[in-house]
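Okay, coords-v4.txt is below, compact mmCIF, C-alpha atoms:
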```txt
# COMPACT_ATOMS: atom_id res chain seq x y z
CA MET A 1 21.43 -35.97 15.11
CA ASN A 2 21.43 -35.49 18.88
CA LYS A 3 24.79 -36.45 20.39
CA LEU A 4 24.76 -37.71 23.97
CA ALA A 5 27.56 -38.01 26.49
CA LEU A 6 27.06 -40.63 29.18
CA PHE A 7 28.79 -39.94 32.51
CA ALA A 8 29.58 -43.02 34.61
CA SER A 9 31.68 -44.09 37.59
CA GLY A 10 31.24 -47.84 37.93
CA ASN A 11 30.14 -51.06 36.31
CA GLY A 12 28.20 -49.52 33.44
CA THR A 13 25.07 -51.65 33.15
CA ASN A 14 22.96 -48.55 32.48
CA VAL A 15 25.50 -47.34 29.92
CA GLN A 16 25.23 -50.66 28.10
CA GLN A 17 21.42 -50.64 28.15
CA ILE A 18 21.25 -47.05 26.89
CA ALA A 19 23.84 -47.67 24.16
CA GLU A 20 22.07 -50.82 22.97
CA TYR A 21 18.70 -49.02 22.95
CA PHE A 22 20.01 -46.24 20.69
CA LYS A 23 22.33 -48.40 18.59
CA ASP A 24 20.21 -48.13 15.43
CA SER A 25 18.68 -44.71 16.07
CA ASP A 26 18.90 -42.10 13.35
CA LYS A 27 18.07 -39.32 15.82
CA ILE A 28 20.21 -40.06 18.90
CA LYS A 29 23.84 -41.15 19.05
CA ILE A 30 25.90 -42.05 22.11
CA GLU A 31 29.04 -40.10 21.26
CA VAL A 32 31.24 -40.64 24.32
CA VAL A 33 31.36 -42.11 27.82
CA ILE A 34 33.02 -39.80 30.36
CA VAL A 35 34.36 -41.57 33.47
CA ASN A 36 35.88 -40.29 36.70
CA LYS A 37 37.50 -43.57 37.78
CA LYS A 38 40.41 -44.91 35.72
CA ASP A 39 39.65 -48.55 36.47
CA ALA A 40 35.83 -48.41 36.17
CA TYR A 41 34.50 -51.47 34.33
CA VAL A 42 32.25 -49.19 32.26
CA ARG A 43 35.36 -48.38 30.20
CA GLN A 44 35.54 -52.02 29.06
CA ARG A 45 31.84 -51.97 28.20
CA ALA A 46 32.34 -48.80 26.14
CA LYS A 47 35.19 -50.41 24.19
CA ILE A 48 33.08 -53.51 23.46
CA LEU A 49 30.23 -51.22 22.31
CA GLY A 50 32.58 -49.22 20.10
CA ILE A 51 32.07 -45.98 22.03
CA ASP A 52 34.92 -43.64 22.95
CA ASP A 53 35.59 -43.38 26.66
CA ILE A 54 37.56 -40.63 28.33
CA TYR A 55 38.82 -40.50 31.90
CA TYR A 56 38.83 -37.19 33.77
CA GLY A 57 39.97 -36.88 37.36
CA ARG A 58 38.29 -34.79 40.03
CA ASP A 59 40.62 -31.87 39.31
CA ASP A 60 39.63 -31.90 35.63
CA PHE A 61 35.98 -31.54 36.60
CA TYR A 62 36.28 -28.90 39.31
CA ASN A 63 39.41 -26.89 38.52
CA SER A 64 39.46 -26.64 34.73
CA ASN A 65 37.24 -26.38 31.67
CA SER A 66 38.69 -29.50 30.05
CA VAL A 67 35.53 -31.60 30.39
CA LEU A 68 33.29 -28.83 29.07
CA GLU A 69 35.67 -28.14 26.19
CA GLU A 70 35.66 -31.83 25.19
CA LEU A 71 31.84 -31.86 25.23
CA LYS A 72 31.73 -28.73 23.06
CA LYS A 73 34.35 -30.13 20.67
CA ARG A 74 32.19 -33.22 20.15
CA ASP A 75 29.00 -31.15 19.70
CA ILE A 76 27.33 -32.89 22.63
CA ASN A 77 23.85 -31.53 23.17
CA PHE A 78 22.66 -33.71 26.06
CA ILE A 79 24.30 -35.39 29.08
CA VAL A 80 22.95 -38.53 30.74
CA LEU A 81 24.28 -39.64 34.12
CA ALA A 82 24.47 -43.42 34.38
CA GLY A 83 25.87 -44.23 37.79
CA PHE A 84 28.01 -41.10 38.01
CA LEU A 85 28.95 -40.22 41.59
CA LEU A 86 30.34 -36.67 41.36
CA LEU A 87 28.35 -33.45 41.54
CA ILE A 88 28.28 -31.81 38.14
CA PRO A 89 30.36 -28.59 38.26
CA LYS A 90 28.78 -25.19 37.67
CA ASN A 91 30.41 -24.57 34.27
CA ILE A 92 28.81 -27.72 32.83
CA LEU A 93 25.48 -27.12 34.61
CA ASP A 94 25.29 -23.60 33.19
CA TYR A 95 26.17 -24.61 29.63
CA TYR A 96 23.80 -27.63 29.62
CA LYS A 97 20.92 -26.11 31.60
CA ASN A 98 17.94 -28.50 31.52
CA ARG A 99 19.94 -30.86 29.31
CA ILE A 100 21.45 -33.12 32.00
CA ILE A 101 19.41 -35.96 33.51
CA ASN A 102 20.06 -38.61 36.11
CA ILE A 103 18.37 -41.75 37.35
CA HIS A 104 18.15 -42.47 41.08
CA PRO A 105 17.31 -45.92 42.51
CA ALA A 106 14.59 -44.72 44.90
CA LEU A 107 11.48 -42.57 44.94
CA LEU A 108 12.88 -39.10 45.53
CA PRO A 109 12.78 -37.03 47.62
CA LYS A 110 13.21 -40.06 49.91
CA TYR A 111 16.63 -41.72 50.05
CA GLY A 112 18.51 -39.12 48.06
CA GLY A 113 21.58 -37.02 48.71
CA LYS A 114 25.27 -37.55 49.26
CA GLY A 115 26.21 -41.18 49.83
CA MET A 116 22.78 -42.45 48.80
CA TYR A 117 23.52 -44.63 45.79
CA GLY A 118 23.33 -48.31 44.87
CA HIS A 119 23.32 -50.76 47.74
CA ASN A 120 23.20 -47.97 50.36
CA VAL A 121 19.79 -46.85 49.08
CA HIS A 122 18.29 -50.34 48.93
CA GLN A 123 19.59 -51.20 52.40
CA LYS A 124 17.96 -48.07 53.89
CA VAL A 125 14.65 -48.80 52.15
CA ILE A 126 14.67 -52.34 53.62
CA GLU A 127 15.74 -51.14 57.10
CA ASN A 128 12.89 -48.62 57.15
CA ASN A 129 10.30 -51.25 56.19
CA GLU A 130 9.10 -49.26 53.18
CA LYS A 131 6.22 -50.84 51.25
CA GLU A 132 7.41 -49.50 47.91
CA SER A 133 10.48 -48.22 46.17
CA GLY A 134 11.33 -47.45 42.58
CA ILE A 135 13.25 -45.15 40.28
CA THR A 136 13.29 -41.42 39.78
CA ILE A 137 14.51 -39.78 36.60
CA HIS A 138 15.27 -36.12 37.19
CA TYR A 139 17.05 -33.07 35.85
CA VAL A 140 20.43 -32.41 37.44
CA ASP A 141 21.13 -29.27 39.44
CA GLU A 142 23.89 -28.20 41.83
CA ASN A 143 22.75 -30.58 44.61
CA TYR A 144 22.60 -34.36 44.75
CA ASP A 145 19.17 -35.69 43.74
CA GLU A 146 17.27 -32.40 44.09
CA GLY A 147 16.59 -31.49 40.45
CA GLN A 148 13.08 -31.38 39.01
CA ILE A 149 11.51 -34.84 38.79
CA ILE A 150 10.69 -35.99 35.26
CA PHE A 151 9.42 -39.53 35.83
CA GLN A 152 8.98 -42.14 38.56
CA ALA A 153 8.16 -45.84 38.44
CA LYS A 154 7.36 -47.92 41.51
CA CYS A 155 7.78 -51.48 42.68
CA GLU A 156 6.53 -53.29 45.75
CA VAL A 157 8.90 -54.03 48.62
CA THR A 158 7.92 -57.23 50.40
CA SER A 159 8.93 -58.54 53.81
CA ASN A 160 11.06 -61.15 52.04
CA ASP A 161 13.08 -58.61 50.08
CA THR A 162 16.76 -58.04 50.76
CA ALA A 163 18.88 -55.19 49.42
CA GLU A 164 19.95 -57.56 46.64
CA THR A 165 16.43 -58.63 45.58
CA LEU A 166 15.26 -55.01 45.72
CA ALA A 167 18.25 -53.98 43.59
CA ALA A 168 17.17 -56.54 40.96
CA LYS A 169 13.65 -55.07 40.89
CA ILE A 170 15.06 -51.55 40.56
CA HIS A 171 17.42 -52.66 37.82
CA ASN A 172 14.46 -54.00 35.82
CA LEU A 173 12.70 -50.64 36.15
CA GLU A 174 15.86 -48.81 35.04
CA LYS A 175 16.19 -51.05 32.00
CA GLU A 176 12.54 -50.58 31.03
CA TYR A 177 12.15 -46.84 31.58
CA TYR A 178 15.47 -44.97 31.43
CA PRO A 179 16.20 -45.30 27.69
CA LYS A 180 12.57 -44.54 26.74
CA THR A 181 12.53 -41.47 28.98
CA ILE A 182 15.84 -40.25 27.57
CA LYS A 183 14.41 -40.62 24.05
CA SER A 184 11.27 -38.62 24.84
CA ILE A 185 13.18 -35.80 26.56
CA VAL A 186 15.88 -35.48 23.91
CA GLU A 187 13.42 -35.58 21.04
CA ALA A 188 11.22 -32.98 22.75
CA ILE A 189 14.04 -30.39 22.80
CA GLU A 190 14.96 -30.75 19.13
```

The structure in this file should be written as structure tokens.
Amino acid sequence: MNKLALFASGNGTNVQQIAEYFKDSDKIKIEVVIVNKKDAYVRQRAKILGIDDIYYGRDDFYNSNSVLEELKKRDINFIVLAGFLLLIPKNILDYYKNRIINIHPALLPKYGGKGMYGHNVHQKVIENNEKESGITIHYVDENYDEGQIIFQAKCEVTSNDTAETLAAKIHNLEKEYYPKTIKSIVEAIE
């Protein structure tokens, strides 16, 4: 059984979709949701889904081994970022080399980097009159949104789109492709 830790910072829609996708899997289990914001709504979603959630502050991530030790204690063998807004610290990156993935709501390398998440990304895509956007699933390295690209899916951006309508299109792509991609990657490293 592959045990996954989901890292999240916000609302948790991706966490819910991933957890529901793997709910009946005999190969992949969502073991824990790690959050860096005490009041993140994702914690409520985790409780409803029956998944442990643990809060760790910035200091826990960057100035201790407490997060890594918890992951080891739970025999986590893969980490999935689902709206997690901190850089992953070196100790976790080293231990989980090529076993941490993220989804970004744009076609990297465009619209990536610090501060480029959620609404900010969609607003920039609209402002720049892009004809397409999409999602990028990638491995995580020491920089925001620069890890090796695993998969991309595209959608059209029309002149009528707003950041909100584009976000809905992107959300549909995330729902369709992120869990399936996680499954194929995790099962390939067994």

Show me, as a ChimeraX atom specification, the residues that have an atom within 9 Å of range 132-135 of chain A when counting all atoms listed in the file, minus same-chain residues fewer than 5 positions from it.
/A:103-108,122,125,151-158,166,169-171,173-174,177

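Between CA of Tyr96 in chain A and CA of Pro109 in chain A the separation is 23.1 Å.
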
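Across A:Ala40, A:Ala167, A:Ile51, A:Ala5, the tightest approach to Lys23 in chain A is made by A:Ile51 when counting only C-alpha atoms.
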
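Remark: for Glu187 in chain A, the closest of the candidate residues A:Asn129, A:Gln16, A:Ser25, A:Asn36 is A:Ser25 (distances computed over all atoms listed in the file).
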
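Closest to Ile88 in chain A among A:Gly115, A:Pro179, A:Gly147, A:Gly10 is A:Gly147, based on all atoms listed in the file.
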
Give me the residues near Leu4 in chain A as a short mmCIF file (atom, residue, chain, number, x, y, z; two decimals) with C-alpha atoms, in the coordinates of the input, where near means some atom within 7 Å (using all atoms listed in the file) and where sequence neighbours in that chain fewer than 2 positions away do not count.
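Below you can see result.cif, which holds the result:
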```cif
data_model
loop_
_atom_site.label_atom_id
_atom_site.label_comp_id
_atom_site.auth_asym_id
_atom_site.auth_seq_id
_atom_site.Cartn_x
_atom_site.Cartn_y
_atom_site.Cartn_z
CA ASN A 2 21.43 -35.49 18.88
CA LEU A 6 27.06 -40.63 29.18
CA LYS A 29 23.84 -41.15 19.05
CA ILE A 30 25.90 -42.05 22.11
CA GLU A 31 29.04 -40.10 21.26
CA ILE A 76 27.33 -32.89 22.63
CA ASN A 77 23.85 -31.53 23.17
CA PHE A 78 22.66 -33.71 26.06
CA ILE A 79 24.30 -35.39 29.08
#
```

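Proximity of A:Glu176, A:Asp94, A:Asp161, A:Glu127 to Leu68 in chain A, computed with all atoms listed in the file, is greatest for A:Asp94.
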
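The space separating CA of Ala82 in chain A from CA of Asn128 in chain A comes to 26.1 Å.
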
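The space between CA of Met116 in chain A and CA of Ser9 in chain A spans 14.4 Å.
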
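For the choices A:Ile28, A:Val33, A:Leu71, A:Ile150, the atom-to-atom distance to Thr181 in chain A is smallest for A:Ile150 when using all atoms listed in the file.
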
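Considering only C-alpha atoms, the residue among A:Lys73, A:Phe22, A:Ala8, A:Asn65 positioned nearest to Asn102 in chain A is A:Ala8.
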